[in-house]
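Asker: Sending over target25.cif (mmCIF, C-alpha atoms and all ligand atoms).
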data_entry
#
loop_
_atom_site.label_atom_id
_atom_site.label_comp_id
_atom_site.auth_asym_id
_atom_site.auth_seq_id
_atom_site.Cartn_x
_atom_site.Cartn_y
_atom_site.Cartn_z
CA MET A 130 -28.56 -11.95 -32.54
CA PRO A 131 -27.74 -12.09 -28.80
CA GLU A 132 -30.57 -12.73 -26.35
CA PRO A 133 -32.08 -9.43 -25.18
CA VAL A 134 -31.48 -8.25 -21.63
CA ARG A 135 -34.85 -7.38 -20.10
CA ILE A 136 -35.17 -5.14 -17.08
CA ALA A 137 -38.61 -4.76 -15.59
CA VAL A 138 -39.65 -1.34 -14.32
CA ALA A 139 -42.71 -1.48 -12.09
CA THR A 140 -43.98 1.93 -11.05
CA PRO A 141 -47.37 2.69 -9.52
CA SER A 142 -48.54 4.26 -12.78
CA ARG A 143 -47.22 1.63 -15.21
CA SER A 144 -45.02 -1.47 -15.57
CA TYR A 145 -42.80 -1.87 -18.59
CA ASP A 146 -39.59 -3.45 -19.81
CA VAL A 147 -36.30 -1.94 -20.78
CA ILE A 148 -35.00 -4.17 -23.58
CA ILE A 149 -31.30 -4.02 -24.36
CA GLN A 150 -30.10 -5.90 -27.41
CA ASP A 151 -27.54 -5.44 -30.14
CA GLY A 152 -29.43 -5.21 -33.39
CA ALA A 153 -32.75 -4.36 -31.72
CA LEU A 154 -33.25 -1.55 -34.27
CA ASP A 155 -33.85 -4.22 -36.91
CA ARG A 156 -36.81 -5.63 -35.00
CA ILE A 157 -38.52 -2.56 -33.59
CA GLY A 158 -41.85 -3.46 -35.19
CA SER A 159 -42.11 -6.87 -33.53
CA LEU A 160 -40.74 -5.60 -30.21
CA LEU A 161 -43.41 -2.88 -30.21
CA ASP A 162 -46.10 -5.42 -31.03
CA ALA A 163 -44.92 -7.61 -28.16
CA SER A 164 -44.94 -4.64 -25.77
CA GLY A 165 -48.60 -3.98 -26.56
CA ALA A 166 -47.92 -0.54 -28.06
CA PRO A 167 -50.84 0.72 -30.16
CA ARG A 168 -50.52 -0.05 -33.90
CA ARG A 169 -50.81 3.56 -35.04
CA ARG A 170 -47.29 4.76 -34.45
CA PHE A 171 -45.79 8.18 -34.99
CA VAL A 172 -42.03 8.42 -34.97
CA VAL A 173 -40.43 11.57 -33.55
CA SER A 174 -36.75 11.92 -34.33
CA SER A 175 -34.12 14.43 -35.46
CA PRO A 176 -32.87 14.80 -39.03
CA LEU A 177 -29.41 13.52 -38.06
CA VAL A 178 -30.53 10.50 -36.06
CA TRP A 179 -33.10 9.56 -38.69
CA ARG A 180 -30.51 9.83 -41.47
CA LEU A 181 -28.16 7.54 -39.54
CA HIS A 182 -30.61 4.94 -38.25
CA GLY A 183 -34.04 5.66 -39.70
CA ALA A 184 -33.89 3.24 -42.60
CA ARG A 185 -33.38 0.27 -40.27
CA ILE A 186 -36.29 1.31 -38.08
CA ALA A 187 -38.69 2.34 -40.86
CA HIS A 188 -38.13 -1.02 -42.50
CA THR A 189 -39.58 -2.84 -39.48
CA LEU A 190 -42.51 -0.50 -38.90
CA ASP A 191 -45.75 -0.80 -40.79
CA LEU A 192 -45.50 2.56 -42.54
CA THR A 193 -48.90 2.29 -44.13
CA ALA A 194 -50.32 2.57 -40.62
CA SER A 195 -47.99 5.41 -39.63
CA ALA A 196 -47.28 8.79 -41.14
CA ASP A 197 -43.84 10.10 -42.14
CA PRO A 198 -41.48 10.57 -39.20
CA ILE A 199 -41.84 13.87 -37.40
CA LEU A 200 -38.36 15.36 -37.56
CA VAL A 201 -37.43 18.21 -35.19
CA PRO A 202 -34.04 19.67 -34.22
CA ASP A 203 -32.42 18.15 -31.16
CA GLY A 204 -29.76 20.28 -29.46
CA GLU A 205 -30.38 21.48 -25.90
CA ARG A 206 -31.09 24.92 -27.42
CA PHE A 207 -34.14 23.49 -29.16
CA LYS A 208 -35.56 21.79 -26.07
CA HIS A 209 -38.37 24.27 -25.57
CA LEU A 210 -42.12 24.55 -26.05
CA GLY A 211 -41.74 25.94 -29.59
CA THR A 212 -40.28 22.65 -30.79
CA VAL A 213 -42.91 20.63 -28.95
CA ALA A 214 -45.55 22.73 -30.73
CA ARG A 215 -44.20 21.42 -34.05
CA ILE A 216 -44.81 17.88 -32.82
CA TYR A 217 -48.40 18.78 -31.85
CA ASP A 218 -48.92 20.37 -35.30
CA ALA A 219 -47.82 17.20 -37.05
CA LEU A 220 -50.01 15.02 -34.81
CA VAL A 221 -53.08 17.17 -35.39
CA GLN A 222 -52.49 17.20 -39.14
CA ALA A 223 -52.12 13.43 -39.24
CA LYS A 224 -55.27 13.05 -37.10
CA ALA A 225 -53.49 11.16 -34.37
CA ASP A 226 -55.95 9.93 -31.77
CA ARG A 227 -55.99 8.43 -28.28
CA GLY A 228 -55.15 5.06 -29.79
CA SER A 229 -51.88 6.32 -31.26
CA ALA A 230 -48.36 5.92 -29.90
CA LEU A 231 -45.39 8.25 -30.13
CA VAL A 232 -42.09 6.52 -30.76
CA ALA A 233 -39.17 8.74 -29.72
CA VAL A 234 -35.99 7.88 -31.61
CA GLY A 235 -32.99 9.90 -30.48
CA GLY A 236 -31.04 11.25 -27.55
CA GLY A 237 -32.35 12.70 -24.31
CA VAL A 238 -33.54 15.89 -25.95
CA ILE A 239 -35.79 14.08 -28.42
CA GLY A 240 -36.97 11.72 -25.65
CA ASP A 241 -37.82 14.55 -23.28
CA MET A 242 -39.64 16.59 -25.94
CA ALA A 243 -41.51 13.72 -27.59
CA GLY A 244 -42.29 12.40 -24.12
CA PHE A 245 -43.75 15.75 -23.09
CA ALA A 246 -45.80 15.85 -26.29
CA ALA A 247 -47.08 12.32 -25.53
CA ALA A 248 -47.90 13.28 -21.95
CA THR A 249 -49.98 16.27 -23.01
CA PHE A 250 -51.44 15.58 -26.46
CA LEU A 251 -55.10 14.61 -25.93
CA ARG A 252 -54.18 14.52 -22.21
CA GLY A 253 -51.81 11.66 -22.81
CA ILE A 254 -51.07 9.06 -25.46
CA ALA A 255 -48.77 6.03 -25.46
CA LEU A 256 -45.02 6.54 -25.63
CA VAL A 257 -42.10 4.28 -26.55
CA HIS A 258 -38.49 5.31 -26.15
CA ILE A 259 -35.80 4.20 -28.57
CA PRO A 260 -32.77 5.96 -27.08
CA THR A 261 -29.78 6.41 -29.40
CA THR A 262 -27.24 8.14 -27.13
CA LEU A 263 -25.48 6.47 -24.23
CA LEU A 264 -26.95 9.07 -21.90
CA ALA A 265 -30.48 8.35 -23.07
CA GLN A 266 -29.97 4.57 -22.90
CA VAL A 267 -28.71 4.59 -19.32
CA ASP A 268 -30.72 7.46 -17.94
CA SER A 269 -33.23 9.74 -19.61
CA ALA A 270 -35.37 7.09 -21.35
CA ILE A 271 -36.13 5.35 -18.05
CA GLY A 272 -38.28 6.73 -15.30
CA GLY A 273 -40.94 8.81 -16.98
CA LYS A 274 -39.57 12.31 -16.50
CA VAL A 275 -40.33 14.34 -19.60
CA GLY A 276 -40.20 18.04 -20.28
CA VAL A 277 -38.53 21.09 -21.74
CA ASN A 278 -36.46 24.07 -20.67
CA HIS A 279 -37.70 27.55 -19.93
CA ALA A 280 -35.50 30.47 -20.96
CA LEU A 281 -34.76 31.00 -17.26
CA GLY A 282 -34.12 27.43 -16.22
CA LYS A 283 -33.60 23.88 -17.27
CA ASN A 284 -36.47 21.39 -17.32
CA LEU A 285 -38.79 23.84 -15.56
CA ILE A 286 -41.77 22.62 -17.61
CA GLY A 287 -42.55 18.93 -17.53
CA ALA A 288 -44.58 15.94 -16.48
CA PHE A 289 -44.26 12.33 -15.40
CA HIS A 290 -45.25 10.01 -18.23
CA GLN A 291 -43.98 6.45 -18.15
CA PRO A 292 -43.34 4.78 -21.52
CA GLN A 293 -44.84 1.48 -22.64
CA ALA A 294 -41.38 0.19 -23.44
CA VAL A 295 -37.77 1.28 -23.76
CA ILE A 296 -35.76 -0.39 -26.50
CA ALA A 297 -32.01 0.25 -26.41
CA ASP A 298 -29.68 -0.99 -29.14
CA PRO A 299 -26.03 -0.58 -28.05
CA ASP A 300 -25.10 -0.98 -31.70
CA ALA A 301 -26.74 2.41 -32.41
CA LEU A 302 -23.99 4.04 -30.34
CA ALA A 303 -21.38 3.17 -32.99
CA THR A 304 -22.17 6.45 -34.77
CA LEU A 305 -22.10 8.58 -31.63
CA PRO A 306 -19.31 11.20 -31.55
CA ARG A 307 -16.68 10.44 -28.92
CA ARG A 308 -17.55 13.53 -26.92
CA GLU A 309 -21.21 12.50 -26.69
CA PHE A 310 -20.24 8.98 -25.72
CA ARG A 311 -18.01 10.26 -22.96
CA ALA A 312 -20.79 12.57 -21.74
CA GLY A 313 -22.99 9.50 -21.25
CA LEU A 314 -20.23 7.64 -19.43
CA TYR A 315 -20.16 10.33 -16.74
CA GLU A 316 -23.76 9.41 -15.88
CA VAL A 317 -22.67 5.78 -15.66
CA ILE A 318 -19.97 6.86 -13.21
CA LYS A 319 -22.70 8.67 -11.27
CA TYR A 320 -24.50 5.35 -10.78
CA GLY A 321 -21.24 3.76 -9.74
CA VAL A 322 -20.49 6.38 -7.10
CA THR A 323 -24.02 6.53 -5.66
CA SER A 324 -25.04 2.90 -5.93
CA SER A 325 -22.47 0.36 -7.12
CA ALA A 326 -18.75 0.11 -6.48
CA ASP A 327 -18.75 -2.85 -8.91
CA LEU A 328 -19.99 -0.68 -11.74
CA PHE A 329 -17.45 2.01 -10.85
CA ASP A 330 -14.62 -0.54 -10.90
CA ARG A 331 -15.84 -2.06 -14.13
CA VAL A 332 -15.78 1.29 -15.94
CA ALA A 333 -12.28 1.97 -14.59
CA ARG A 334 -11.06 -1.49 -15.62
CA ASP A 335 -12.77 -1.85 -19.03
CA ARG A 336 -12.52 1.79 -20.05
CA ARG A 337 -10.72 1.13 -23.35
CA ALA A 338 -12.99 -1.70 -24.43
CA ILE A 339 -16.04 0.36 -23.49
CA PHE A 340 -14.77 3.23 -25.63
CA ALA A 341 -14.23 0.82 -28.50
CA ARG A 342 -17.96 0.03 -28.04
CA GLY A 343 -17.56 -3.71 -28.24
CA PRO A 344 -20.90 -5.22 -27.16
CA ALA A 345 -19.20 -7.55 -24.66
CA SER A 346 -18.02 -4.60 -22.58
CA LEU A 347 -20.69 -2.06 -23.39
CA THR A 348 -23.90 -4.04 -22.93
CA PRO A 349 -23.25 -5.04 -19.28
CA VAL A 350 -22.46 -1.43 -18.38
CA ILE A 351 -25.69 -0.20 -19.98
CA ALA A 352 -27.69 -3.00 -18.36
CA GLU A 353 -26.29 -2.40 -14.88
CA SER A 354 -26.95 1.34 -15.16
CA CYS A 355 -30.53 0.65 -16.26
CA ARG A 356 -31.01 -1.75 -13.34
CA ILE A 357 -29.91 0.90 -10.89
CA LYS A 358 -32.10 3.58 -12.44
CA ALA A 359 -35.06 1.17 -12.58
CA SER A 360 -34.66 0.13 -8.95
CA VAL A 361 -34.63 3.73 -7.77
CA VAL A 362 -37.54 4.79 -9.98
CA GLN A 363 -39.63 1.85 -8.76
CA VAL A 364 -39.48 2.88 -5.14
CA ASP A 365 -39.84 6.60 -5.80
CA GLU A 366 -41.59 7.36 -9.07
CA ARG A 367 -42.03 11.06 -8.38
CA GLU A 368 -38.71 11.83 -6.79
CA ALA A 369 -39.95 12.47 -3.29
CA GLY A 370 -37.02 10.77 -1.62
CA PRO A 371 -34.62 8.01 -2.74
CA ARG A 372 -34.65 9.07 -6.41
CA MET A 373 -32.95 12.27 -5.33
CA ILE A 374 -29.73 10.27 -4.95
CA LEU A 375 -29.50 10.20 -8.74
CA ASN A 376 -29.15 13.98 -8.69
CA PHE A 377 -25.57 13.48 -7.55
CA GLY A 378 -23.48 15.99 -9.49
CA HIS A 379 -26.57 17.72 -10.84
CA THR A 380 -26.78 20.69 -8.47
CA ALA A 381 -23.55 22.32 -9.59
CA GLY A 382 -23.95 20.61 -12.98
CA HIS A 383 -27.28 22.25 -13.79
CA ALA A 384 -25.98 25.59 -12.54
CA LEU A 385 -23.00 25.30 -14.88
CA GLU A 386 -25.20 24.40 -17.85
CA ALA A 387 -27.70 27.18 -17.16
CA SER A 388 -25.15 29.91 -16.53
CA THR A 389 -23.41 29.10 -19.82
CA ARG A 390 -26.78 28.96 -21.60
CA TYR A 391 -26.54 25.25 -22.40
CA ARG A 392 -24.00 25.98 -25.10
CA ARG A 393 -20.62 25.22 -23.69
CA TYR A 394 -20.95 21.90 -21.93
CA ARG A 395 -22.74 18.70 -22.72
CA HIS A 396 -25.13 17.75 -19.91
CA GLY A 397 -22.88 14.85 -18.90
CA GLU A 398 -19.80 17.08 -18.86
CA ALA A 399 -21.51 19.52 -16.53
CA VAL A 400 -22.48 16.57 -14.32
CA ALA A 401 -18.84 15.43 -14.30
CA TYR A 402 -17.85 18.82 -12.89
CA GLY A 403 -20.79 18.69 -10.51
CA MET A 404 -19.61 15.33 -9.17
CA LEU A 405 -16.10 16.70 -8.65
CA VAL A 406 -17.56 19.65 -6.73
CA ALA A 407 -19.83 17.47 -4.56
CA ALA A 408 -16.98 15.07 -3.83
CA ARG A 409 -14.70 17.95 -2.80
CA LEU A 410 -17.40 19.33 -0.58
CA ALA A 411 -17.96 15.93 1.02
CA ALA A 412 -14.22 15.42 1.52
CA ASN A 413 -13.89 18.91 3.05
CA ARG A 414 -16.55 17.92 5.57
CA GLY A 415 -14.78 14.68 6.33
CA ALA A 416 -17.79 12.75 5.02
CA LEU A 417 -15.84 11.16 2.14
CA ALA A 418 -12.37 9.64 2.36
CA GLU A 419 -9.73 11.51 0.39
CA ARG A 420 -8.81 8.22 -1.32
CA ASP A 421 -12.36 7.87 -2.68
CA ARG A 422 -12.46 11.47 -3.81
CA ARG A 423 -9.24 10.91 -5.70
CA ALA A 424 -10.51 7.65 -7.26
CA LEU A 425 -13.45 9.56 -8.70
CA ALA A 426 -11.28 12.45 -9.94
CA ASP A 427 -8.82 9.99 -11.51
CA LEU A 428 -11.53 8.02 -13.28
CA ILE A 429 -13.07 11.18 -14.70
CA ALA A 430 -9.66 12.43 -15.81
CA SER A 431 -8.83 9.07 -17.41
CA LEU A 432 -11.77 9.35 -19.80
CA GLY A 433 -10.27 12.42 -21.48
CA PRO A 434 -10.37 16.19 -21.26
CA LEU A 435 -13.36 18.19 -20.08
CA PRO A 436 -13.97 21.65 -21.56
CA PRO A 437 -12.23 24.30 -19.42
CA ILE A 438 -13.92 26.19 -16.57
CA GLY A 439 -11.17 28.56 -15.34
CA ASP A 440 -12.95 31.71 -16.56
CA ILE A 441 -16.25 30.96 -14.80
CA PRO A 442 -16.61 32.67 -11.40
CA ALA A 443 -17.68 30.39 -8.55
CA SER A 444 -20.10 33.13 -7.42
CA GLN A 445 -21.97 32.89 -10.73
CA LEU A 446 -22.71 29.21 -10.08
CA VAL A 447 -23.71 29.78 -6.46
CA ASP A 448 -26.26 32.32 -7.75
CA ALA A 449 -27.53 29.95 -10.43
CA MET A 450 -28.06 27.20 -7.85
CA ARG A 451 -30.77 29.25 -6.14
CA LEU A 452 -33.08 28.72 -9.14
CA ASP A 453 -32.62 24.97 -9.11
CA LYS A 454 -35.62 22.63 -8.81
CA LYS A 455 -33.85 20.83 -6.00
CA VAL A 456 -34.52 23.88 -3.83
CA VAL A 457 -37.77 22.99 -2.06
CA GLY A 458 -39.42 25.52 0.25
CA GLY A 459 -36.14 27.39 0.54
CA THR A 460 -34.20 24.26 1.49
CA ARG A 461 -31.42 23.22 -0.83
CA TYR A 462 -30.89 19.46 -0.99
CA PHE A 463 -27.43 18.29 -1.91
CA VAL A 464 -26.29 14.75 -2.71
CA LEU A 465 -22.95 13.91 -1.16
CA PRO A 466 -21.06 10.65 -1.71
CA THR A 467 -20.02 8.86 1.46
CA THR A 468 -17.89 6.20 -0.26
CA ILE A 469 -17.62 4.73 -3.76
CA GLY A 470 -21.01 3.02 -4.00
CA ALA A 471 -23.11 5.05 -1.56
CA ALA A 472 -24.38 8.60 -1.13
CA THR A 473 -26.57 10.60 1.18
CA VAL A 474 -28.81 13.65 0.84
CA VAL A 475 -28.12 16.62 3.11
CA ASP A 476 -29.87 19.97 3.46
CA ASP A 477 -27.37 22.02 5.40
CA VAL A 478 -24.78 22.93 2.76
CA LYS A 479 -23.71 26.55 3.10
CA ASP A 480 -22.85 28.85 0.20
CA HIS A 481 -19.28 29.26 1.43
CA GLU A 482 -18.73 25.50 1.36
CA ILE A 483 -19.89 25.39 -2.23
CA SER A 484 -17.69 28.36 -3.19
CA GLU A 485 -14.67 26.70 -1.63
CA ALA A 486 -15.31 23.38 -3.40
CA LEU A 487 -15.89 25.15 -6.73
CA ALA A 488 -12.58 26.99 -6.38
CA GLN A 489 -10.74 23.78 -5.49
CA VAL A 490 -12.13 22.13 -8.61
CA GLY A 491 -10.84 25.03 -10.73
CA PHE A 492 -13.59 27.63 -11.03
CA LYS A 493 -12.52 31.28 -10.66
CA ARG A 494 -12.38 32.35 -7.04
N1 LIG A 501 -35.82 12.69 -18.48
C1 LIG A 501 -34.81 12.39 -17.72
O1 LIG A 501 -34.95 11.68 -16.71
C2 LIG A 501 -33.45 12.89 -18.10
C3 LIG A 501 -32.32 12.35 -17.46
C4 LIG A 501 -31.07 12.79 -17.89
C5 LIG A 501 -30.96 13.73 -18.90
N2 LIG A 501 -32.08 14.23 -19.49
C6 LIG A 501 -31.99 15.21 -20.57
O2 LIG A 501 -31.34 14.60 -21.68
C7 LIG A 501 -30.77 15.63 -22.48
C8 LIG A 501 -29.39 15.21 -22.95
O3 LIG A 501 -29.52 14.07 -23.75
P1 LIG A 501 -28.36 13.63 -24.77
O4 LIG A 501 -27.06 13.75 -24.09
O5 LIG A 501 -28.78 12.35 -25.33
O6 LIG A 501 -28.36 14.83 -25.84
P2 LIG A 501 -29.05 15.02 -27.26
O7 LIG A 501 -30.38 14.41 -27.32
O8 LIG A 501 -28.93 16.46 -27.58
O9 LIG A 501 -28.10 14.20 -28.23
C9 LIG A 501 -26.77 14.60 -28.39
C10 LIG A 501 -26.37 14.67 -29.87
O10 LIG A 501 -26.19 13.35 -30.35
C11 LIG A 501 -26.84 13.20 -31.60
N3 LIG A 501 -27.18 11.78 -31.71
C12 LIG A 501 -28.16 11.10 -31.07
N4 LIG A 501 -28.06 9.79 -31.33
C13 LIG A 501 -27.00 9.63 -32.15
C14 LIG A 501 -26.37 8.51 -32.75
N5 LIG A 501 -26.79 7.26 -32.52
N6 LIG A 501 -25.29 8.73 -33.54
C15 LIG A 501 -24.82 9.98 -33.76
N7 LIG A 501 -25.36 11.07 -33.20
C16 LIG A 501 -26.44 10.89 -32.40
C17 LIG A 501 -27.99 14.15 -31.53
O11 LIG A 501 -28.40 14.51 -32.81
C18 LIG A 501 -27.40 15.32 -30.76
O12 LIG A 501 -26.73 16.18 -31.63
C19 LIG A 501 -30.74 16.87 -21.60
O13 LIG A 501 -31.70 17.77 -22.08
C20 LIG A 501 -31.12 16.37 -20.23
O14 LIG A 501 -31.83 17.33 -19.48
C21 LIG A 501 -33.31 13.82 -19.10
ZN ZN A 502 -28.20 13.79 -15.80
#
In structure tokens, how does this file's structure come out?
Ligand SMILES: NC(=O)c1ccc[n+]([C@@H]2O[C@H](COP(=O)([O-])OP(=O)(O)OC[C@H]3O[C@@H](n4cnc5c(N)ncnc54)[C@H](O)[C@@H]3O)[C@@H](O)[C@H]2O)c1
Ligand SMILES: [Zn+2]
Answerer:
Amino acid sequence: MPEPVRIAVATPSRSYDVIIQDGALDRIGSLLDASGAPRRRFVVSSPLVWRLHGARIAHTLDLTASADPILVPDGERFKHLGTVARIYDALVQAKADRGSALVAVGGGVIGDMAGFAAATFLRGIALVHIPTTLLAQVDSAIGGKVGVNHALGKNLIGAFHQPQAVIADPDALATLPRREFRAGLYEVIKYGVTSSADLFDRVARDRRAIFARGPASLTPVIAESCRIKASVVQVDEREAGPRMILNFGHTAGHALEASTRYRRYRHGEAVAYGMLVAARLAANRGALAERDRRALADLIASLGPLPPIGDIPASQLVDAMRLDKKVVGGTRYFVLPTTIGAATVVDDVKDHEISEALAQVGFKR
């Protein structure tokens, strides 16, 4: 087994490691012991993820000390309080106590829901993330944001609850559908554009090998993404300032997801469109060189097709953006790239600029 990559995340509320290792699923029990996670462990997963990877994990956990896994559905449509209530029910029935840990095994939806349950059950119990999608490994499992959607908006209900450990096994991504894998890669590109030209270039250069999911190409990309996320989270646990940079592509992206009721686009796909919109807007202002805008558009295009947007009116997205969490006291913050590898946050973006950029990207005028 290769040596694990360990990335330390030190936030004011907790310090923990992100452990990245091929085959880590076969040693979850000992990795949890080493991380100091409580011995009474309750797994939360989805039927699909548990069918694919559960046997390997269950094998390494002391199942006499833990109950059966708590299996809940995991599409974005199920990321609401009703599903979290099923997790509470199972915990109460199994007499989970303050000395118990929740182990979230799945994509970002399972991580966010199990994380919210862990943040709130008995006012907070220990949490470990075992992310099984690329998006969850590079993004959602790190940083402590947990929560669920409200019918009127995404992630409107949530908390900050840092895990005790994050254990990512790149090998688990072998079973991920290509579309899901690509959706995660768009978040990797987000890190490249906002924070690391090297990462951006690496994805462009190694694209085929990354898609083939060979550990030699995949693990460094996951590790670099985690390093960037960890470094931002460390200096700004509660997203008061610098962490906002990681919302690049998420203003228009969230609006697109919400206005199509989370059904048409994967989160990462919506972010890909959001990045194209923000880059257009930045280029229109002269804040981003046309060459850099095109490099981003080309890289996104080279990964494969995105679901179409031509029937969605730009005005519908502009309306949806008003409900976004990134609107604070009436001010709308917008992350704009300034070059490949750096971005800035501005608060003076006008509706007409957004409409124009949306139309240029292909939304209905
Ligand atoms: N908390 C945060 O900081 C944060 C950051 C980014 C995104 N998110 C949230 O993450 C969610 C998206 O996460 P996601 O893209 O992982 O979606 P997801 O959790 O819905 O998973 C996508 C699909 O992949 C399946 N799956 C998971 N692992 C698999 C595997 N190894 N093999 C085969 N199939 C597998 C799942 O069953 C699901 O159908 C969104 O709700 C988003 O808001 C949270
Ligand atoms: Zn995202």
Asker: Restricting the calculation to only C-alpha atoms and all ligand atoms: of A:Lys283, A:Arg308, A:Lys493, A:Arg422, which residue gets closest to ligand ZN 502 (chain A)?
Answerer: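 So, comparing all the options, the nearest one is A:Lys283.
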Asker: Using only C-alpha atoms, determine which residues lie at most 12 Å from Val478 in chain A, disregarding the query and same-chain residues fewer than 6 positions distant; provide the list as JSON, numbers by chain.
Answerer: {"A": [380, 407, 410, 411, 413, 414, 447, 450, 456, 460, 461, 462, 463, 464, 465, 484, 485, 486]}
Asker: Around ligand ZN 502 (chain A), at most 12 Å away and counting only C-alpha atoms and all ligand atoms, which residues are there? Put them as a ChimeraX atom specification, please.
Answerer: /A:237-238,263-271,274,283-284,312-320,358,373-383,386,395-404
Asker: If you measure from CA of Pro436 in chain A to CA of Val490 in chain A, what distance in Å do you get, rounded to one decimal?
Answerer: 13.1 Å
Asker: From (-40.1, 7.4, -17.8), in the file's coordinates, out to 10 Å: which residues are reached, counting all atoms listed in the file? Answer as a ChimeraX atom specification.
Answerer: /A:138,140,143,145,240-241,244,256-258,268-275,288-295,359,362,366
Asker: May I ask for the distance between CA of Arg336 in chain A and CA of Arg311 in chain A, given in Å to one decimal place?
Answerer: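 So the two atoms, CA of Arg336 in chain A and CA of Arg311 in chain A, lie 10.5 Å apart.
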Asker: So, counting all atoms listed in the file, which residue among A:Ser142, A:Asn278, A:Ser229, A:Thr348 is closest to ligand LIG 501 (chain A)?
Answerer: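 For ligand LIG 501 (chain A), the nearest of the candidates is A:Asn278.
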Asker: Put a box with edges along x, y and z around all the listed atoms of range 362-367 of chain A, pad it by 6 Å on each side, then give me its centre and sizes in Å, one decimal, as JSON.
Answerer:
{"center_x": -39.8, "center_y": 6.5, "center_z": -7.6, "size_x": 16.5, "size_y": 21.2, "size_z": 16.8}
Asker: Enter the distance from CA of Arg409 in chain A to atom O14 of ligand LIG 501 (chain A), in Å, rounded to one decimal.
Answerer: 23.9 Å
